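Trainee: The structure is given below, and queries will be raised subsequently.
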Amino acid sequence: MGMDSRIEIKVTNPKKVDNVVHPVGQGHATSASSPPQPSASSPPTDGQGRQQQQALEEGLRHSHGRGRQGRGLIDYMPFKNWVPWLIPGFVIANVVVFLISMFINNCPKHSSSCVGRFLGRFSFQPMKENPLLGPSADTLEKMGALDVIKVVHKHQAWRLISCIWLHAGVFHILANMLSLLFIGIWLEQEFGFVRIGLLYLFAGFGGSLMSALFIQAGISVGASGALFGLLGSMLSELITNWTIYANKLAALLTLIFIVVINLAVGLLPHVDNFAHIGGFISGFLLGFVFLIRPQFGYVSKKHIPTGYIVTSNKPKHKPYQYILWLVSMILLVLGFTFGLILLFRGVNLNDQCSWCHYMSCVPTKLWNCKSQQAYCENQLNLTCISNGKSGIYNLSGESTSQVQQLCTKLCSR
């Protein structure tokens, strides 16, 4: 062939599973006057083929943007659009688990001041006990809420995962599931259910792990850590696939603004911001691992139609993408490993960091973050004081750290 028959194909936003340049088949032409395309079994002839190649190249130029916006001769799809089903499935699973927890809770059996008594055993705990319209803390603990004492001393590590499927009330699950649908469906459409499913679970685990290392009193539930992981992965995906995006700076600033606002909300009392931070960091690192895409200009040659020649020899990924992938994998493995070791040794990271508690709650004139206090009178008796309630417990034979943990747990109920 002559020089005119050689084409340099530039692909915007390529993807591993969809780096394909398709000739327009019958019924898919975007122009009524489009010349017939060469078949896969017969390369174009010199005269007619050269004209078709030129038309093909012109079509590629016009269809250079995202999706099928071009008016050329190429039916071009830079990304495979996955049909989202896993994220809606996660939402359904969370709702089902919440209904099960309300059924087990059976408020009318234990209280005469339930909210929404017409709902029967699905009615809510009194507002003074749970203002989020949900079950009791005891029910959530039975269902698998994150309880550090049980994780450490009874080896119930499964609570680090089970807690992300539980919610404290209607308001809690409504806010989380709307956020999950808004963020998760877009990510699943772009990257598929396998990568987004794994990212969601690992980010939720990372949020639970960080929460357990810093907040060791009471229980913790919710999918917020996993949701912040999805947010973090969106940020890292933008960074690692920087070359294939337009309006990069605007997208980056928008994402950072959303993340900062959501983390700032976690500074209010009774919000587990450590789960948010842990989930965000985990998701940010996981994004470099799971959401990496081929660079601009890469074309998978095995998908090029017969008879066409591609002059682009760009590698699939840029060197910085490989570096970010490797560094993120190392940090994730080390972080999860050392975090679990510290947790099962009963380490409270607040003892090593005097200011870290401000990352979860900042005291102001409107609220006080010190809702609980516990202290030991002597080796045999422990006095707990919490929100005006007090009690004396005989705890002979327990270590000081176990005494303090048990005291805080008893007071928080």
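In the structure tokens, each chain is lettered A, B, ... as it comes, each chain's residues begin at 1, and ligands are numbered from 1 in order of appearance.
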Near Asn262 of chain A, within 12 Å and counting only C-alpha atoms, which residues show up once chain neighbours fewer than 2 positions away are dropped, as an mmCIF file with N, CA and C atoms, in the first residue's frame?
Mentor:
data_model
loop_
_atom_site.group_PDB
_atom_site.id
_atom_site.type_symbol
_atom_site.label_atom_id
_atom_site.label_comp_id
_atom_site.auth_asym_id
_atom_site.auth_seq_id
_atom_site.Cartn_x
_atom_site.Cartn_y
_atom_site.Cartn_z
ATOM 1 N N SER A 179 -26.422 8.431 48.722
ATOM 2 C CA SER A 179 -25.045 8.714 48.318
ATOM 3 C C SER A 179 -24.448 7.534 47.550
ATOM 4 N N SER A 224 -20.587 4.452 55.809
ATOM 5 C CA SER A 224 -19.916 5.713 55.460
ATOM 6 C C SER A 224 -18.461 5.508 55.070
ATOM 7 N N GLY A 225 -17.755 4.589 55.740
ATOM 8 C CA GLY A 225 -16.365 4.346 55.384
ATOM 9 C C GLY A 225 -16.222 3.870 53.954
ATOM 10 N N LEU A 227 -18.390 4.428 51.542
ATOM 11 C CA LEU A 227 -18.776 5.539 50.664
ATOM 12 C C LEU A 227 -17.633 6.528 50.493
ATOM 13 N N PHE A 228 -16.944 6.836 51.577
ATOM 14 C CA PHE A 228 -15.787 7.721 51.466
ATOM 15 C C PHE A 228 -14.680 7.056 50.646
ATOM 16 N N LEU A 231 -15.452 7.862 47.122
ATOM 17 C CA LEU A 231 -15.041 9.246 46.846
ATOM 18 C C LEU A 231 -13.531 9.344 46.654
ATOM 19 N N GLY A 232 -12.785 8.687 47.533
ATOM 20 C CA GLY A 232 -11.328 8.699 47.401
ATOM 21 C C GLY A 232 -10.860 8.065 46.114
ATOM 22 N N LEU A 255 -13.909 17.751 43.102
ATOM 23 C CA LEU A 255 -13.810 16.560 43.942
ATOM 24 C C LEU A 255 -13.222 16.890 45.307
ATOM 25 N N ILE A 256 -12.162 17.683 45.319
ATOM 26 C CA ILE A 256 -11.532 18.056 46.589
ATOM 27 C C ILE A 256 -12.518 18.824 47.470
ATOM 28 N N PHE A 257 -13.298 19.713 46.866
ATOM 29 C CA PHE A 257 -14.289 20.485 47.618
ATOM 30 C C PHE A 257 -15.325 19.564 48.241
ATOM 31 N N ILE A 258 -15.825 18.586 47.483
ATOM 32 C CA ILE A 258 -16.826 17.655 48.002
ATOM 33 C C ILE A 258 -16.259 16.843 49.161
ATOM 34 N N VAL A 259 -15.021 16.378 49.010
ATOM 35 C CA VAL A 259 -14.390 15.571 50.059
ATOM 36 C C VAL A 259 -14.196 16.387 51.329
ATOM 37 N N VAL A 260 -13.709 17.610 51.188
ATOM 38 C CA VAL A 260 -13.464 18.459 52.361
ATOM 39 C C VAL A 260 -14.759 18.754 53.112
ATOM 40 N N ALA A 264 -15.568 17.567 56.882
ATOM 41 C CA ALA A 264 -15.851 18.597 57.876
ATOM 42 C C ALA A 264 -17.106 18.258 58.680
ATOM 43 N N VAL A 265 -18.085 17.650 58.031
ATOM 44 C CA VAL A 265 -19.299 17.238 58.744
ATOM 45 C C VAL A 265 -18.953 16.219 59.831
ATOM 46 N N GLY A 266 -17.927 15.420 59.583
ATOM 47 C CA GLY A 266 -17.516 14.420 60.556
ATOM 48 C C GLY A 266 -16.899 14.987 61.815
ATOM 49 N N LEU A 267 -16.648 16.281 61.851
ATOM 50 C CA LEU A 267 -16.108 16.912 63.046
ATOM 51 C C LEU A 267 -17.181 17.190 64.090
ATOM 52 N N LEU A 268 -18.452 16.954 63.728
ATOM 53 C CA LEU A 268 -19.539 17.118 64.680
ATOM 54 C C LEU A 268 -19.534 15.945 65.659
ATOM 55 N N VAL A 271 -20.406 11.514 65.392
ATOM 56 C CA VAL A 271 -20.113 11.069 64.027
ATOM 57 C C VAL A 271 -18.724 10.433 64.025
ATOM 58 N N ASN A 273 -15.813 10.036 62.458
ATOM 59 C CA ASN A 273 -15.030 10.571 61.354
ATOM 60 C C ASN A 273 -13.782 9.732 61.076
ATOM 61 N N HIS A 276 -14.633 7.560 58.349
ATOM 62 C CA HIS A 276 -14.616 8.320 57.098
ATOM 63 C C HIS A 276 -13.188 8.475 56.576
ATOM 64 N N ILE A 277 -12.283 8.863 57.462
ATOM 65 C CA ILE A 277 -10.893 9.101 57.051
ATOM 66 C C ILE A 277 -10.235 7.795 56.607
ATOM 67 N N PHE A 280 -11.643 6.783 53.265
ATOM 68 C CA PHE A 280 -11.163 7.654 52.184
ATOM 69 C C PHE A 280 -9.728 7.313 51.795
#
Trainee: Mind listing the strand (DSSP E or B) residues of segment 140-352 of chain A, per DSSP on the backbone, as a list in words?
Mentor: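 Checking each residue of segment 140-352 of chain A, the strand (DSSP E or B) ones are Leu146, Ser220, Ile309 and Val310 of chain A.
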Trainee: In Å, with one decimal, what is the gap from atom CA of Leu324 of chain A to atom CA of Ile185 of chain A?
Mentor: 25.3 Å
Trainee: Determine which residues of segment 47-266 of chain A DSSP labels as alpha helix (DSSP H) from the backbone of this structure, then write them out as a ChimeraX atom specification.
Mentor: /A:47-62,86-105,107-110,137-143,148-153,159-162,170-191,193-214,224-240,248-265
